[in-house]
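Enquirer: As input, take run_36.cif (mmCIF, C-alpha atoms):
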data_protein
loop_
_atom_site.group_PDB
_atom_site.id
_atom_site.type_symbol
_atom_site.label_atom_id
_atom_site.label_comp_id
_atom_site.auth_asym_id
_atom_site.auth_seq_id
_atom_site.Cartn_x
_atom_site.Cartn_y
_atom_site.Cartn_z
ATOM 1 C CA MET Z 75 -0.267 25.616 -13.603
ATOM 2 C CA LYS Z 76 1.624 24.457 -10.494
ATOM 3 C CA GLY Z 77 -1.152 25.758 -8.227
ATOM 4 C CA ARG Z 78 -3.789 23.866 -10.211
ATOM 5 C CA ALA Z 79 -1.739 20.673 -9.958
ATOM 6 C CA LEU Z 80 -1.277 21.063 -6.216
ATOM 7 C CA ARG Z 81 -4.984 21.621 -5.641
ATOM 8 C CA ALA Z 82 -5.762 18.479 -7.641
ATOM 9 C CA LEU Z 83 -3.156 16.559 -5.675
ATOM 10 C CA PHE Z 84 -4.563 17.727 -2.356
ATOM 11 C CA GLU Z 85 -8.103 16.767 -3.317
ATOM 12 C CA ALA Z 86 -6.908 13.314 -4.350
ATOM 13 C CA ALA Z 87 -4.857 12.831 -1.182
ATOM 14 C CA LEU Z 88 -7.460 14.070 1.280
ATOM 15 C CA ALA Z 89 -10.419 12.413 -0.443
ATOM 16 C CA THR Z 90 -8.580 9.105 -0.569
ATOM 17 C CA LEU Z 91 -7.793 9.197 3.137
ATOM 18 C CA CYS Z 92 -11.069 10.495 4.534
ATOM 19 C CA VAL Z 93 -13.175 7.889 6.218
ATOM 20 C CA SER Z 94 -16.361 6.304 4.954
ATOM 21 C CA SER Z 95 -19.260 5.342 7.130
ATOM 22 C CA ALA Z 96 -20.725 1.928 7.757
ATOM 23 C CA HIS Z 97 -24.380 2.736 7.166
ATOM 24 C CA ALA Z 98 -26.482 4.612 4.632
ATOM 25 C CA ASP Z 99 -28.131 8.002 5.157
ATOM 26 C CA LEU Z 100 -30.348 10.144 2.941
ATOM 27 C CA LEU Z 101 -28.060 12.784 1.422
ATOM 28 C CA PRO Z 102 -28.190 15.152 -1.580
ATOM 29 C CA LEU Z 103 -27.308 13.635 -4.950
ATOM 30 C CA TRP Z 104 -24.615 16.317 -5.369
ATOM 31 C CA GLU Z 105 -23.027 19.060 -3.269
ATOM 32 C CA VAL Z 106 -20.604 21.884 -4.016
ATOM 33 C CA GLY Z 107 -18.448 23.847 -1.595
ATOM 34 C CA LEU Z 108 -15.196 25.717 -1.103
ATOM 35 C CA GLY Z 109 -12.695 25.875 1.743
ATOM 36 C CA VAL Z 110 -9.032 25.898 2.673
ATOM 37 C CA ALA Z 111 -6.527 23.118 3.284
ATOM 38 C CA VAL Z 112 -3.041 22.770 4.744
ATOM 39 C CA ILE Z 113 -0.895 19.760 3.815
ATOM 40 C CA ASP Z 114 2.674 18.787 4.671
ATOM 41 C CA PHE Z 115 4.540 16.165 2.592
ATOM 42 C CA PRO Z 116 8.081 14.883 2.191
ATOM 43 C CA ASP Z 117 9.259 15.554 -1.355
ATOM 44 C CA TYR Z 118 8.993 11.778 -1.950
ATOM 45 C CA PRO Z 119 9.024 8.742 0.381
ATOM 46 C CA GLY Z 120 12.542 8.564 1.817
ATOM 47 C CA ALA Z 121 13.345 12.255 1.235
ATOM 48 C CA ASP Z 122 14.706 14.286 4.142
ATOM 49 C CA GLU Z 123 13.229 17.537 2.798
ATOM 50 C CA ARG Z 124 9.545 18.465 2.835
ATOM 51 C CA THR Z 125 7.108 21.209 1.881
ATOM 52 C CA THR Z 126 3.971 22.661 3.468
ATOM 53 C CA TYR Z 127 1.171 24.023 1.274
ATOM 54 C CA ALA Z 128 -1.842 26.190 2.147
ATOM 55 C CA LEU Z 129 -4.341 25.918 -0.707
ATOM 56 C CA PRO Z 130 -7.953 26.569 -1.689
ATOM 57 C CA LEU Z 131 -9.996 23.393 -1.273
ATOM 58 C CA PRO Z 132 -12.827 22.860 -3.776
ATOM 59 C CA TYR Z 133 -15.438 20.471 -2.348
ATOM 60 C CA PHE Z 134 -17.559 18.371 -4.679
ATOM 61 C CA ALA Z 135 -19.601 15.272 -3.936
ATOM 62 C CA TYR Z 136 -21.684 13.225 -6.355
ATOM 63 C CA ARG Z 137 -23.551 10.149 -5.138
ATOM 64 C CA GLY Z 138 -24.780 8.407 -8.255
ATOM 65 C CA GLU Z 139 -25.683 4.738 -8.357
ATOM 66 C CA ARG Z 140 -22.601 3.731 -10.368
ATOM 67 C CA PHE Z 141 -20.401 6.829 -10.371
ATOM 68 C CA LYS Z 142 -19.368 8.593 -7.174
ATOM 69 C CA VAL Z 143 -17.124 11.500 -6.236
ATOM 70 C CA GLY Z 144 -16.439 12.126 -2.558
ATOM 71 C CA LYS Z 145 -14.750 10.681 0.513
ATOM 72 C CA ASP Z 146 -13.219 7.739 -1.363
ATOM 73 C CA GLY Z 147 -12.013 9.830 -4.294
ATOM 74 C CA ILE Z 148 -13.408 9.194 -7.767
ATOM 75 C CA ARG Z 149 -15.115 5.830 -8.035
ATOM 76 C CA GLY Z 150 -16.766 4.073 -10.929
ATOM 77 C CA LEU Z 151 -18.560 1.078 -9.443
ATOM 78 C CA PHE Z 152 -18.647 -1.862 -11.873
ATOM 79 C CA PHE Z 153 -19.836 -4.619 -9.533
ATOM 80 C CA GLU Z 154 -21.217 -4.763 -5.999
ATOM 81 C CA SER Z 155 -22.567 -7.488 -3.720
ATOM 82 C CA ASP Z 156 -22.908 -7.794 0.047
ATOM 83 C CA ARG Z 157 -19.232 -8.764 0.363
ATOM 84 C CA ILE Z 158 -17.445 -7.831 -2.886
ATOM 85 C CA GLU Z 159 -17.066 -4.557 -4.818
ATOM 86 C CA LEU Z 160 -15.137 -3.772 -7.993
ATOM 87 C CA ASP Z 161 -14.537 -0.099 -8.700
ATOM 88 C CA ILE Z 162 -12.024 2.445 -9.991
ATOM 89 C CA SER Z 163 -9.909 4.503 -7.609
ATOM 90 C CA ALA Z 164 -7.468 7.395 -8.020
ATOM 91 C CA ASN Z 165 -4.527 8.917 -6.150
ATOM 92 C CA ALA Z 166 -1.748 11.456 -6.759
ATOM 93 C CA ALA Z 167 1.689 12.666 -5.622
ATOM 94 C CA ILE Z 168 3.269 16.120 -5.458
ATOM 95 C CA PRO Z 169 5.850 17.571 -7.916
ATOM 96 C CA VAL Z 170 9.471 18.138 -6.861
ATOM 97 C CA LYS Z 171 11.871 20.772 -8.210
ATOM 98 C CA SER Z 172 15.342 19.251 -8.111
ATOM 99 C CA THR Z 173 16.899 22.689 -7.549
ATOM 100 C CA GLU Z 174 15.040 22.766 -4.214
ATOM 101 C CA ASN Z 175 16.026 19.261 -3.084
ATOM 102 C CA GLN Z 176 19.634 18.623 -2.085
ATOM 103 C CA ALA Z 177 19.570 14.893 -2.837
ATOM 104 C CA ARG Z 178 18.269 15.463 -6.404
ATOM 105 C CA ARG Z 179 20.211 18.616 -7.284
ATOM 106 C CA GLY Z 180 21.308 18.470 -10.924
ATOM 107 C CA MET Z 181 18.734 15.779 -11.793
ATOM 108 C CA PRO Z 182 15.483 16.258 -13.744
ATOM 109 C CA ASP Z 183 12.471 17.595 -11.850
ATOM 110 C CA LEU Z 184 9.777 15.179 -10.703
ATOM 111 C CA ASP Z 185 6.441 16.021 -12.304
ATOM 112 C CA PRO Z 186 3.239 15.486 -10.343
ATOM 113 C CA THR Z 187 1.936 11.969 -10.777
ATOM 114 C CA PHE Z 188 -1.650 10.795 -11.055
ATOM 115 C CA GLN Z 189 -2.766 7.223 -10.435
ATOM 116 C CA LEU Z 190 -5.850 5.435 -11.749
ATOM 117 C CA GLY Z 191 -6.881 1.805 -11.723
ATOM 118 C CA PRO Z 192 -9.285 -0.907 -10.540
ATOM 119 C CA THR Z 193 -9.825 -1.799 -6.884
ATOM 120 C CA LEU Z 194 -11.297 -5.055 -5.618
ATOM 121 C CA ASN Z 195 -12.806 -4.716 -2.123
ATOM 122 C CA PHE Z 196 -13.771 -7.599 0.192
ATOM 123 C CA THR Z 197 -15.973 -6.746 3.183
ATOM 124 C CA LEU Z 198 -15.013 -8.872 6.194
ATOM 125 C CA HIS Z 199 -17.399 -7.280 8.713
ATOM 126 C CA ARG Z 200 -20.101 -4.627 8.625
ATOM 127 C CA ASP Z 201 -22.467 -3.270 11.258
ATOM 128 C CA GLU Z 202 -24.037 0.087 12.145
ATOM 129 C CA ASP Z 203 -20.846 1.471 13.706
ATOM 130 C CA ARG Z 204 -17.959 0.003 11.719
ATOM 131 C CA LYS Z 205 -16.835 -1.696 8.524
ATOM 132 C CA LEU Z 206 -13.738 -3.849 7.977
ATOM 133 C CA GLN Z 207 -12.494 -4.407 4.415
ATOM 134 C CA VAL Z 208 -9.563 -5.772 2.457
ATOM 135 C CA ARG Z 209 -8.923 -3.396 -0.458
ATOM 136 C CA LEU Z 210 -6.740 -4.403 -3.424
ATOM 137 C CA PRO Z 211 -6.042 -1.371 -5.637
ATOM 138 C CA VAL Z 212 -3.837 -1.671 -8.724
ATOM 139 C CA ARG Z 213 -3.089 1.717 -10.298
ATOM 140 C CA GLY Z 214 -1.227 2.852 -13.373
ATOM 141 C CA VAL Z 215 0.926 5.950 -12.816
ATOM 142 C CA LEU Z 216 1.042 8.945 -15.175
ATOM 143 C CA ALA Z 217 3.660 11.693 -14.713
ATOM 144 C CA THR Z 218 2.752 15.038 -16.305
ATOM 145 C CA ASP Z 219 3.514 18.749 -16.103
ATOM 146 C CA PHE Z 220 0.366 19.377 -18.223
ATOM 147 C CA THR Z 221 2.467 20.063 -21.340
ATOM 148 C CA HIS Z 222 3.650 16.469 -21.770
ATOM 149 C CA ALA Z 223 2.939 13.137 -20.081
ATOM 150 C CA LYS Z 224 4.587 9.743 -19.741
ATOM 151 C CA GLY Z 225 3.764 6.444 -18.101
ATOM 152 C CA ALA Z 226 5.552 5.931 -14.791
ATOM 153 C CA GLY Z 227 4.763 2.344 -13.878
ATOM 154 C CA VAL Z 228 2.231 0.443 -11.813
ATOM 155 C CA LEU Z 229 1.546 0.325 -8.048
ATOM 156 C CA PHE Z 230 -0.166 -2.341 -5.949
ATOM 157 C CA GLU Z 231 -1.315 -1.276 -2.450
ATOM 158 C CA PRO Z 232 -3.232 -4.040 -0.621
ATOM 159 C CA ARG Z 233 -4.724 -2.652 2.591
ATOM 160 C CA LEU Z 234 -6.758 -3.729 5.595
ATOM 161 C CA VAL Z 235 -9.172 -0.856 6.251
ATOM 162 C CA LEU Z 236 -11.313 -0.217 9.335
ATOM 163 C CA ASP Z 237 -13.948 2.526 9.075
ATOM 164 C CA ILE Z 238 -15.465 3.634 12.390
ATOM 165 C CA ASN Z 239 -18.724 5.543 12.253
ATOM 166 C CA LYS Z 240 -19.331 6.027 15.978
ATOM 167 C CA LEU Z 241 -17.234 6.404 19.120
ATOM 168 C CA GLU Z 242 -18.760 7.242 22.489
ATOM 169 C CA LEU Z 243 -16.037 9.801 23.295
ATOM 170 C CA ALA Z 244 -16.158 11.564 19.907
ATOM 171 C CA SER Z 245 -19.799 11.875 18.908
ATOM 172 C CA GLY Z 246 -20.310 12.890 15.280
ATOM 173 C CA TRP Z 247 -16.735 12.172 14.190
ATOM 174 C CA ARG Z 248 -15.791 9.351 11.862
ATOM 175 C CA PHE Z 249 -12.419 7.627 11.859
ATOM 176 C CA GLY Z 250 -10.454 5.426 9.526
ATOM 177 C CA ILE Z 251 -7.425 3.181 9.942
ATOM 178 C CA ALA Z 252 -5.662 1.498 7.016
ATOM 179 C CA VAL Z 253 -2.507 -0.593 7.010
ATOM 180 C CA GLY Z 254 -0.707 -2.577 4.335
ATOM 181 C CA PRO Z 255 2.365 -2.983 2.132
ATOM 182 C CA LEU Z 256 3.236 -1.076 -1.025
ATOM 183 C CA PHE Z 257 4.610 -2.745 -4.170
ATOM 184 C CA ALA Z 258 5.845 -1.024 -7.322
ATOM 185 C CA ASP Z 259 7.142 -2.169 -10.680
ATOM 186 C CA ARG Z 260 10.586 -1.164 -11.962
ATOM 187 C CA ARG Z 261 9.388 1.958 -13.813
ATOM 188 C CA ALA Z 262 7.539 3.332 -10.789
ATOM 189 C CA ASN Z 263 10.535 2.843 -8.495
ATOM 190 C CA ALA Z 264 12.944 4.160 -11.142
ATOM 191 C CA TYR Z 265 10.965 7.404 -11.449
ATOM 192 C CA TYR Z 266 11.744 8.334 -7.843
ATOM 193 C CA TYR Z 267 14.848 6.370 -6.883
ATOM 194 C CA SER Z 268 17.083 5.618 -9.908
ATOM 195 C CA VAL Z 269 20.199 7.706 -10.608
ATOM 196 C CA ASP Z 270 21.301 7.500 -14.240
ATOM 197 C CA PRO Z 271 25.079 7.508 -14.837
ATOM 198 C CA GLN Z 272 25.078 11.063 -16.295
ATOM 199 C CA PHE Z 273 23.666 12.372 -12.980
ATOM 200 C CA ALA Z 274 26.024 10.422 -10.708
ATOM 201 C CA THR Z 275 28.420 12.287 -8.381
ATOM 202 C CA PRO Z 276 30.910 11.111 -5.739
ATOM 203 C CA GLN Z 277 28.156 11.602 -3.139
ATOM 204 C CA ARG Z 278 25.385 10.186 -5.366
ATOM 205 C CA PRO Z 279 26.484 7.013 -7.169
ATOM 206 C CA ALA Z 280 24.572 5.611 -10.129
ATOM 207 C CA TYR Z 281 21.701 3.348 -9.097
ATOM 208 C CA GLN Z 282 19.005 1.404 -10.911
ATOM 209 C CA ALA Z 283 15.890 0.780 -8.801
ATOM 210 C CA PRO Z 284 14.362 -2.722 -9.006
ATOM 211 C CA ALA Z 285 10.714 -3.723 -8.772
ATOM 212 C CA GLY Z 286 9.288 -5.040 -5.530
ATOM 213 C CA TYR Z 287 8.350 -4.226 -1.958
ATOM 214 C CA ASP Z 288 8.479 -0.518 -1.017
ATOM 215 C CA GLY Z 289 7.596 -0.728 2.683
ATOM 216 C CA MET Z 290 4.549 -0.639 4.960
ATOM 217 C CA GLN Z 291 1.983 2.150 5.183
ATOM 218 C CA LEU Z 292 -0.280 3.227 8.052
ATOM 219 C CA LEU Z 293 -3.050 5.747 7.378
ATOM 220 C CA LEU Z 294 -5.177 7.466 10.023
ATOM 221 C CA SER Z 295 -8.045 9.784 9.132
ATOM 222 C CA THR Z 296 -10.971 11.581 10.688
ATOM 223 C CA SER Z 297 -13.818 13.727 9.395
ATOM 224 C CA ARG Z 298 -17.034 15.324 10.541
ATOM 225 C CA ARG Z 299 -19.982 16.696 8.638
ATOM 226 C CA PHE Z 300 -21.887 19.634 10.055
ATOM 227 C CA LYS Z 301 -24.996 21.111 8.415
ATOM 228 C CA ASN Z 302 -23.140 23.304 5.923
ATOM 229 C CA TRP Z 303 -19.544 22.486 6.777
ATOM 230 C CA TRP Z 304 -17.135 19.596 6.307
ATOM 231 C CA VAL Z 305 -13.845 19.142 8.188
ATOM 232 C CA GLY Z 306 -11.287 16.390 7.730
ATOM 233 C CA ALA Z 307 -7.705 15.458 8.517
ATOM 234 C CA PHE Z 308 -5.263 12.642 7.799
ATOM 235 C CA LEU Z 309 -1.866 11.338 8.873
ATOM 236 C CA ARG Z 310 0.124 8.848 6.772
ATOM 237 C CA TYR Z 311 3.287 6.981 7.842
ATOM 238 C CA GLN Z 312 5.383 4.806 5.523
ATOM 239 C CA SER Z 313 8.319 2.706 6.721
ATOM 240 C CA LEU Z 314 10.983 1.921 4.102
ATOM 241 C CA ASP Z 315 12.659 -0.759 6.259
ATOM 242 C CA GLY Z 316 13.172 -3.788 4.030
ATOM 243 C CA ALA Z 317 12.195 -1.868 0.880
ATOM 244 C CA VAL Z 318 13.968 -2.834 -2.345
ATOM 245 C CA VAL Z 319 14.924 0.843 -2.891
ATOM 246 C CA ARG Z 320 16.469 1.380 0.545
ATOM 247 C CA ASP Z 321 19.996 1.434 -0.959
ATOM 248 C CA SER Z 322 19.177 4.248 -3.393
ATOM 249 C CA PRO Z 323 21.346 7.338 -2.699
ATOM 250 C CA LEU Z 324 18.100 9.337 -2.956
ATOM 251 C CA VAL Z 325 16.718 7.626 0.163
ATOM 252 C CA ARG Z 326 17.912 9.874 2.972
ATOM 253 C CA GLN Z 327 15.675 8.492 5.724
ATOM 254 C CA ARG Z 328 13.853 5.209 6.231
ATOM 255 C CA TYR Z 329 10.374 6.640 6.777
ATOM 256 C CA ALA Z 330 7.936 9.146 5.309
ATOM 257 C CA LEU Z 331 5.372 11.110 7.327
ATOM 258 C CA ALA Z 332 2.648 13.210 5.690
ATOM 259 C CA GLY Z 333 -0.415 14.957 7.052
ATOM 260 C CA GLY Z 334 -3.060 17.525 6.298
ATOM 261 C CA PHE Z 335 -6.401 19.011 7.249
ATOM 262 C CA GLY Z 336 -9.133 20.875 5.449
ATOM 263 C CA VAL Z 337 -12.324 22.845 6.093
ATOM 264 C CA ALA Z 338 -14.995 23.427 3.452
ATOM 265 C CA TRP Z 339 -18.252 25.418 3.396
ATOM 266 C CA ILE Z 340 -20.987 23.635 1.407
ATOM 267 C CA PHE Z 341 -23.019 26.350 -0.326
ATOM 268 C CA ALA Z 342 -25.048 24.429 -2.964
ATOM 269 C CA ARG Z 343 -26.761 21.051 -3.045
ATOM 270 C CA SER Z 344 -29.243 18.986 -4.993
ATOM 271 C CA GLY Z 345 -32.843 18.776 -3.874
ATOM 272 C CA THR Z 346 -32.811 15.067 -4.779
ATOM 273 C CA LEU Z 347 -31.933 12.785 -1.860
ATOM 274 C CA VAL Z 348 -30.273 9.392 -2.257
ATOM 275 C CA GLU Z 349 -29.042 6.716 0.120
ATOM 276 C CA ALA Z 350 -25.292 7.136 0.639
ATOM 277 C CA ASP Z 351 -22.680 5.944 3.134
ATOM 278 C CA ASP Z 352 -20.800 9.190 3.868
#
Spell out the structure here as C-alpha cells.
Expert:
Amino acid sequence: MKGRALRALFEAALATLCVSSAHADLLPLWEVGLGVAVIDFPDYPGADERTTYALPLPYFAYRGERFKVGKDGIRGLFFESDRIELDISANAAIPVKSTENQARRGMPDLDPTFQLGPTLNFTLHRDEDRKLQVRLPVRGVLATDFTHAKGAGVLFEPRLVLDINKLELASGWRFGIAVGPLFADRRANAYYYSVDPQFATPQRPAYQAPAGYDGMQLLLSTSRRFKNWWVGAFLRYQSLDGAVVRDSPLVRQRYALAGGFGVAWIFARSGTLVEADD
C-alpha cells in the first residue's frame, strides 16, 4: 500500500511541476508509458530529515477538450477565454513514519495527503515561445492511509508562473519558473506542526499551529519530449522565514528543498490527433 501511495504522490508532484508550452501542437488524444523516477523530499517543510525514493513511473496523458491528464496534473476545465481559465488541480505530499523522524518520535504518523480544488488562471502574456500567468489554486487537503481518511484543512498557493517553450541554448527543452507565497488554514498547519499536550516533552513543548502565511516557494522545472520518450525534472525551494509556524518545535530548519527527475518510455498512443499545448 505504501508503494502505491508513493507512486501516486510522485506522479502528482512531478506532473504539477513539469512545464507547459505556449503554443498548440497536434498530439495523440491519449498516450500510455512506463518509466522510472527518483525523488528526494524533506519529511515535511521545516524538517531536518529527508528521504530519497526510486520508483516506477507510470506515464499517462489524456488531452480531451474539457478533461486533461498530463503535465499540469489532473485538470477539469470549466471555463476558458483568451485570458482567464477556471479548472481543477491536484497535488500531494509524502507520508512520514514518526519512528523514523527524530522531531516527531512518539507522535502519530503523518499519512500521505492529497489535495484537490479549483484554480483560477489569468494569462498576462502569451506568444510562441513563452506564457506568463497568475495562478490562484485553492485546494482542500485529505489525509489517508487508504484504510481511513480525514480532512486536513485548506491551502491557498497564489503563484506567478513563466513557461518557456524555446531557448536558443537548449533546443527542444521546455522550462518553467513559479514563485509565490503559501497560506494554510489552522487544520492544515496543525496536521504538520502542532504538538498536543500528551506528546509534549522537555525538548518538544506543546504547540498549537495558527492559520496564516507559511513562507515563499520557488519552483523550477524542465522537460523534453522525444519521439517515444519523455524526460522531466524539478527543483522546489520553500523559505519558512516569517511563517506563522516558525516557532513550532517540529520546525528544525527554516527552508525546505525537494527535487526529482523521471524518464518514461511511451509505448501506446491514440491514432486520433488533437491540438494540445504540451
Enquirer: Using the chain letters and residue numbers of this document, give as a ChimeraX atom specification the residues selected by the PyMOL selection byres ((chain Z and resi 250-254) around 6).
Expert: /Z:93,232-237,249,255,290-295
Enquirer: So which residues touch Asp288 in chain Z within 7 Å, counting all atoms listed in the file, skipping near sequence neighbours fewer than 3 positions away, as a list in words?
Expert: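 Counting all atoms listed in the file, the residues come to Leu256, Phe257, Ala258, Leu314, Ala317, Val318 and Val319 of chain Z.
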Enquirer: Could you check how far CA of Asp259 in chain Z sits from CA of Gly286 in chain Z, in Å to one decimal?
Expert: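 Here the two named atoms are 6.3 Å from each other.
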Enquirer: Just the number, please: distance in Å from CA of Phe134 in chain Z to CA of Phe308 in chain Z, one decimal.
Expert: 18.4 Å
Enquirer: For the file shown, what are the residues hit by the PyMOL selection byres ((chain Z and resi 336) around 9), laid out as a VMD selection string?
Expert: chain Z and resid 88 109 to 113 131 304 to 307 334 to 335 337 to 338
Enquirer: Please produce a file of those selected residues containing C-alpha atoms, as a PDB file, in the coordinates of the input.
Expert:
ATOM      1  CA  LEU Z  88      -7.460  14.070   1.280  1.00  0.00           C
ATOM      2  CA  GLY Z 109     -12.695  25.875   1.743  1.00  0.00           C
ATOM      3  CA  VAL Z 110      -9.032  25.898   2.673  1.00  0.00           C
ATOM      4  CA  ALA Z 111      -6.527  23.118   3.284  1.00  0.00           C
ATOM      5  CA  VAL Z 112      -3.041  22.770   4.744  1.00  0.00           C
ATOM      6  CA  ILE Z 113      -0.895  19.760   3.815  1.00  0.00           C
ATOM      7  CA  LEU Z 131      -9.996  23.393  -1.273  1.00  0.00           C
ATOM      8  CA  TRP Z 304     -17.135  19.596   6.307  1.00  0.00           C
ATOM      9  CA  VAL Z 305     -13.845  19.142   8.188  1.00  0.00           C
ATOM     10  CA  GLY Z 306     -11.287  16.390   7.730  1.00  0.00           C
ATOM     11  CA  ALA Z 307      -7.705  15.458   8.517  1.00  0.00           C
ATOM     12  CA  GLY Z 334      -3.060  17.525   6.298  1.00  0.00           C
ATOM     13  CA  PHE Z 335      -6.401  19.011   7.249  1.00  0.00           C
ATOM     14  CA  VAL Z 337     -12.324  22.845   6.093  1.00  0.00           C
ATOM     15  CA  ALA Z 338     -14.995  23.427   3.452  1.00  0.00           C
TER      16      ALA Z 338
END
Enquirer: Show me, as AutoDock Vina command-line options, the centre and edge lengths in Å to one decimal of the axis-aligned box that covers every listed atom of range 236-250 of chain Z with 3 Å on each side.
Expert:
--center_x -15.4 --center_y 6.3 --center_z 16.2 --size_x 15.9 --size_y 19.1 --size_z 20.2
Enquirer: Of the candidates Z:Leu309, Z:Ala164, Z:Val170, Z:Val212, which one gets nearest to Tyr118 in chain Z if we count all atoms listed in the file?
Expert: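 Between Z:Leu309, Z:Ala164, Z:Val170, Z:Val212, the residue approaching Tyr118 in chain Z most closely is Z:Val170.
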Enquirer: For Gly227 in chain Z, work out the shell of residues within 7 Å, counting only C-alpha atoms and skipping chain neighbours fewer than 3 positions away, then give it as a compact mmCIF listing (two decimals) with C-alpha atoms, in the frame of the given file.
Expert:
# COMPACT_ATOMS: atom_id res chain seq x y z
CA GLY Z 214 -1.23 2.85 -13.37
CA VAL Z 215 0.93 5.95 -12.82
CA ASP Z 259 7.14 -2.17 -10.68
CA ARG Z 261 9.39 1.96 -13.81
CA ALA Z 262 7.54 3.33 -10.79
